[in-house]
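Peer 1: start_29.cif is reproduced below (mmCIF, C-alpha atoms).
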```
data_my_file
#
loop_
_atom_site.group_PDB
_atom_site.id
_atom_site.type_symbol
_atom_site.label_atom_id
_atom_site.label_comp_id
_atom_site.auth_asym_id
_atom_site.auth_seq_id
_atom_site.Cartn_x
_atom_site.Cartn_y
_atom_site.Cartn_z
ATOM 1 C CA GLN A 1 85.012 1.796 -86.593
ATOM 2 C CA VAL A 2 84.111 -0.003 -83.418
ATOM 3 C CA GLN A 3 82.129 -3.215 -83.790
ATOM 4 C CA LEU A 4 80.727 -5.482 -81.109
ATOM 5 C CA VAL A 5 79.188 -8.684 -82.415
ATOM 6 C CA GLU A 6 77.264 -10.986 -80.096
ATOM 7 C CA SER A 7 76.695 -14.661 -80.795
ATOM 8 C CA GLY A 8 75.607 -17.818 -79.006
ATOM 9 C CA GLY A 9 71.971 -17.069 -78.398
ATOM 10 C CA GLY A 10 69.220 -19.532 -79.114
ATOM 11 C CA LEU A 11 66.203 -21.442 -77.868
ATOM 12 C CA VAL A 12 66.769 -23.601 -74.792
ATOM 13 C CA GLN A 13 64.723 -25.204 -72.060
ATOM 14 C CA ALA A 14 64.547 -24.077 -68.472
ATOM 15 C CA GLY A 15 67.547 -25.362 -66.547
ATOM 16 C CA ASP A 16 69.808 -25.436 -69.587
ATOM 17 C CA SER A 17 72.980 -23.444 -70.116
ATOM 18 C CA LEU A 18 74.240 -21.125 -72.837
ATOM 19 C CA ARG A 19 77.419 -19.205 -73.431
ATOM 20 C CA LEU A 20 77.206 -15.888 -75.211
ATOM 21 C CA SER A 21 80.228 -14.385 -76.916
ATOM 22 C CA CYS A 22 80.920 -10.808 -77.908
ATOM 23 C CA ALA A 23 83.738 -10.203 -80.368
ATOM 24 C CA ALA A 24 85.122 -6.674 -80.433
ATOM 25 C CA SER A 25 87.050 -4.848 -83.123
ATOM 26 C CA GLY A 26 88.137 -1.298 -83.820
ATOM 27 C CA LEU A 27 89.109 -0.509 -80.247
ATOM 28 C CA THR A 28 91.868 -1.363 -77.806
ATOM 29 C CA PHE A 29 89.795 -4.080 -76.209
ATOM 30 C CA SER A 30 92.116 -4.693 -73.272
ATOM 31 C CA SER A 31 91.530 -1.131 -72.068
ATOM 32 C CA TYR A 32 87.756 -1.391 -71.897
ATOM 33 C CA GLY A 33 85.417 -2.576 -69.249
ATOM 34 C CA MET A 34 82.634 -4.611 -70.833
ATOM 35 C CA GLY A 35 79.034 -5.051 -69.907
ATOM 36 C CA TRP A 36 76.074 -7.252 -70.683
ATOM 37 C CA PHE A 37 72.534 -5.943 -70.757
ATOM 38 C CA ARG A 38 69.250 -7.499 -71.788
ATOM 39 C CA GLN A 39 65.847 -6.366 -72.964
ATOM 40 C CA ALA A 40 62.751 -8.490 -72.660
ATOM 41 C CA PRO A 41 59.649 -7.820 -74.763
ATOM 42 C CA GLY A 42 57.761 -4.818 -73.438
ATOM 43 C CA LYS A 43 60.428 -4.005 -70.868
ATOM 44 C CA GLU A 44 63.308 -1.591 -70.641
ATOM 45 C CA ARG A 45 66.847 -2.724 -71.155
ATOM 46 C CA GLU A 46 68.447 -3.822 -67.899
ATOM 47 C CA PHE A 47 71.913 -4.472 -66.591
ATOM 48 C CA VAL A 48 73.110 -8.070 -66.374
ATOM 49 C CA ALA A 49 76.879 -8.128 -65.774
ATOM 50 C CA ALA A 50 80.041 -6.061 -66.008
ATOM 51 C CA ILE A 51 83.710 -6.983 -66.106
ATOM 52 C CA SER A 52 86.764 -4.775 -65.883
ATOM 53 C CA TRP A 53 89.571 -4.672 -68.421
ATOM 54 C CA SER A 54 91.562 -7.312 -66.564
ATOM 55 C CA GLY A 55 88.630 -9.410 -65.404
ATOM 56 C CA GLY A 56 89.568 -8.640 -61.822
ATOM 57 C CA SER A 57 86.456 -6.628 -61.042
ATOM 58 C CA LYS A 58 82.983 -7.932 -61.802
ATOM 59 C CA ARG A 59 79.439 -7.054 -60.972
ATOM 60 C CA TYR A 60 76.168 -8.901 -61.532
ATOM 61 C CA ALA A 61 72.508 -8.075 -61.315
ATOM 62 C CA ASP A 62 70.810 -9.696 -58.339
ATOM 63 C CA SER A 63 68.578 -11.665 -60.690
ATOM 64 C CA VAL A 64 71.532 -13.503 -62.247
ATOM 65 C CA GLU A 65 74.025 -13.611 -59.362
ATOM 66 C CA GLY A 66 75.272 -17.165 -58.887
ATOM 67 C CA ARG A 67 73.920 -18.345 -62.249
ATOM 68 C CA PHE A 68 75.731 -16.149 -64.775
ATOM 69 C CA THR A 69 79.468 -15.623 -65.087
ATOM 70 C CA SER A 70 81.272 -13.077 -67.241
ATOM 71 C CA THR A 71 84.808 -13.735 -68.436
ATOM 72 C CA ARG A 72 87.029 -12.270 -71.104
ATOM 73 C CA ASP A 73 89.945 -13.218 -73.300
ATOM 74 C CA ASN A 74 91.893 -10.101 -74.203
ATOM 75 C CA ALA A 75 94.048 -12.040 -76.655
ATOM 76 C CA LYS A 76 90.892 -12.854 -78.621
ATOM 77 C CA ASN A 77 89.173 -9.487 -78.095
ATOM 78 C CA THR A 78 86.193 -11.386 -76.787
ATOM 79 C CA VAL A 79 84.000 -11.253 -73.717
ATOM 80 C CA TYR A 80 81.767 -14.126 -72.655
ATOM 81 C CA LEU A 81 78.643 -14.587 -70.596
ATOM 82 C CA ARG A 82 78.114 -18.080 -69.286
ATOM 83 C CA MET A 83 74.473 -18.565 -68.315
ATOM 84 C CA ASN A 84 73.525 -21.570 -66.191
ATOM 85 C CA SER A 85 70.196 -22.696 -64.764
ATOM 86 C CA LEU A 86 68.319 -20.587 -67.260
ATOM 87 C CA LYS A 87 64.781 -19.544 -66.439
ATOM 88 C CA PRO A 88 61.931 -18.397 -68.696
ATOM 89 C CA GLU A 89 62.333 -14.900 -67.233
ATOM 90 C CA ASP A 90 65.841 -14.796 -68.706
ATOM 91 C CA THR A 91 64.258 -14.603 -72.159
ATOM 92 C CA ALA A 92 65.475 -11.410 -73.793
ATOM 93 C CA VAL A 93 67.731 -9.885 -76.382
ATOM 94 C CA TYR A 94 71.200 -9.763 -74.851
ATOM 95 C CA TYR A 95 73.559 -6.920 -75.694
ATOM 96 C CA CYS A 96 77.214 -6.457 -74.984
ATOM 97 C CA ALA A 97 78.663 -3.007 -74.507
ATOM 98 C CA ALA A 98 82.074 -1.406 -74.139
ATOM 99 C CA SER A 99 82.579 1.186 -71.455
ATOM 100 C CA LEU A 100 85.033 4.067 -71.361
ATOM 101 C CA GLY A 101 88.397 2.514 -72.101
ATOM 102 C CA THR A 102 90.209 3.916 -69.081
ATOM 103 C CA SER A 103 91.799 0.615 -67.969
ATOM 104 C CA SER A 104 90.203 1.211 -64.590
ATOM 105 C CA ALA A 105 88.837 -1.470 -62.312
ATOM 106 C CA ARG A 106 85.904 0.897 -61.719
ATOM 107 C CA GLU A 107 84.525 -0.007 -65.138
ATOM 108 C CA GLY A 108 83.919 -3.497 -63.809
ATOM 109 C CA GLN A 109 81.229 -2.006 -61.566
ATOM 110 C CA PHE A 110 79.373 0.026 -64.175
ATOM 111 C CA ALA A 111 75.690 -0.887 -64.259
ATOM 112 C CA HIS A 112 74.126 2.021 -66.132
ATOM 113 C CA GLU A 113 73.682 2.317 -69.871
ATOM 114 C CA GLY A 114 75.098 5.815 -69.873
ATOM 115 C CA GLN A 115 78.442 4.441 -68.687
ATOM 116 C CA TYR A 116 78.868 2.500 -71.915
ATOM 117 C CA ARG A 117 80.068 4.031 -75.132
ATOM 118 C CA TYR A 118 79.664 1.272 -77.699
ATOM 119 C CA TRP A 119 76.929 -1.323 -78.190
ATOM 120 C CA GLY A 120 76.393 -4.495 -80.138
ATOM 121 C CA GLN A 121 73.253 -5.414 -82.045
ATOM 122 C CA GLY A 122 72.160 -8.108 -79.638
ATOM 123 C CA THR A 123 71.466 -11.820 -79.687
ATOM 124 C CA GLN A 124 68.157 -13.452 -78.799
ATOM 125 C CA VAL A 125 67.931 -15.871 -75.909
ATOM 126 C CA THR A 126 64.653 -17.714 -75.456
ATOM 127 C CA VAL A 127 64.080 -20.031 -72.518
ATOM 128 C CA SER A 128 61.051 -22.284 -72.667
ATOM 129 C CA SER A 129 59.393 -23.700 -69.564
#
```
What would you get if you wrote out this structure as structure tokens?
Peer 2:
Amino acid sequence: QVQLVESGGGLVQAGDSLRLSCAASGLTFSSYGMGWFRQAPGKEREFVAAISWSGGSKRYADSVEGRFTSTRDNAKNTVYLRMNSLKPEDTAVYYCAASLGTSSAREGQFAHEGQYRYWGQGTQVTVSS
């Protein structure tokens, strides 16, 4: 059974930083591209970041480019999202997702929900102004 468990969310002030973690189990983690999405109240879930199996290919939403960084540790079956210079509009539930498991660099460019097979339950990030 595949499990993705996010952690690291919380309440911070604008300008602060947070690092989210997503621990994976039940899959060959090193074969999967991983993604981060978020959903703000009253809005649809949106793409935030993607990283390929090796970490060599990454993609970010325009709204977070230069502020957020996705990394992964395949030895720990964990993917991270470092979020700097947080803004109130970053407030959302953040989800990690595992893509197709093809060990392809292409998965590091996946920005659509339909390209992801497995999802975590999410972690809340709240940024106060």
Peer 1: Neighbours of region 95-99 of chain A within 10 Å (only C-alpha atoms; same-chain residues fewer than 5 positions away dropped), as a VMD selection string?
Peer 2: chain A and resid 2 to 7 20 to 24 27 29 31 to 39 45 to 53 79 to 81 107 to 108 110 113 to 124
Peer 1: Taking all atoms listed in the file into account, name the residue in A:Ser25, A:Gly8, A:Gly42, A:Val127 that is nearest to Asp90 (chain A).
Peer 2: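 Ranking A:Ser25, A:Gly8, A:Gly42, A:Val127 by distance to Asp90 (chain A), first place goes to A:Val127.
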Peer 1: Quick one, how far is CA of His112 (chain A) from CA of Lys87 (chain A)?
Peer 2: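 Calculated distance between CA of His112 (chain A) and CA of Lys87 (chain A) is 23.5 Å.
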Peer 1: Applied to this file, what does the PyMOL selection byres ((chain A and resi 129) around 12) return in terms of residues, put as a list of chain:residue names?
Peer 2: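 After applying the PyMOL selection byres ((chain A and resi 129) around 12), what remains is A:Leu11, A:Val12, A:Gln13, A:Ala14, A:Gly15, A:Asp16, A:Ser85, A:Leu86, A:Lys87, A:Pro88, A:Glu89, A:Asp90, A:Thr91, A:Thr126, A:Val127, A:Ser128.
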Peer 1: Could you dump the residues just selected with C-alpha atoms as a short mmCIF file (atom, residue, chain, number, x, y, z; two decimals), in the coordinates of the input?
Peer 2:
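What follows is the written file selection.cif:
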```
data_model
loop_
_atom_site.label_atom_id
_atom_site.label_comp_id
_atom_site.auth_asym_id
_atom_site.auth_seq_id
_atom_site.Cartn_x
_atom_site.Cartn_y
_atom_site.Cartn_z
CA LEU A 11 66.20 -21.44 -77.87
CA VAL A 12 66.77 -23.60 -74.79
CA GLN A 13 64.72 -25.20 -72.06
CA ALA A 14 64.55 -24.08 -68.47
CA GLY A 15 67.55 -25.36 -66.55
CA ASP A 16 69.81 -25.44 -69.59
CA SER A 85 70.20 -22.70 -64.76
CA LEU A 86 68.32 -20.59 -67.26
CA LYS A 87 64.78 -19.54 -66.44
CA PRO A 88 61.93 -18.40 -68.70
CA GLU A 89 62.33 -14.90 -67.23
CA ASP A 90 65.84 -14.80 -68.71
CA THR A 91 64.26 -14.60 -72.16
CA THR A 126 64.65 -17.71 -75.46
CA VAL A 127 64.08 -20.03 -72.52
CA SER A 128 61.05 -22.28 -72.67
#
```
Peer 1: CA of Thr102 (chain A) to CA of Ala61 (chain A): how many Å, to one decimal?
Peer 2: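 Going from CA of Thr102 (chain A) over to CA of Ala61 (chain A) covers 22.7 Å.
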Peer 1: In Å to one decimal, how far is CA of Pro41 (chain A) from CA of Arg72 (chain A)?
Peer 2: 28.0 Å
Peer 1: For Arg82 (chain A), work out the shell of residues within 7 Å, counting all atoms listed in the file and skipping chain neighbours fewer than 4 positions away, then give it as a list in words.
Peer 2: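 The residues satisfying every condition are Leu18, Arg19, Leu20, Phe68, Thr69 and Ser70 of chain A.
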Peer 1: Find the residue from A:Val93, A:Ala105, A:Ala75, A:Val125 that sits nearest to Ser54 (chain A); use only C-alpha atoms when measuring.
Peer 2: A:Ala105
Peer 1: Between A:Gly10, A:Gly55, A:Gly26, A:Gly66, single out the one closest to Ser103 (chain A), counting only C-alpha atoms.
Peer 2: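 Closest residue, counting only C-alpha atoms: A:Gly55.
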Peer 1: Looking at A:Ser30, A:Ala40, A:Glu65, A:Arg106, which one is nearest to Asn84 (chain A), with distances taken over only C-alpha atoms?
Peer 2: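 Closest to Asn84 (chain A), using only C-alpha atoms: A:Glu65.
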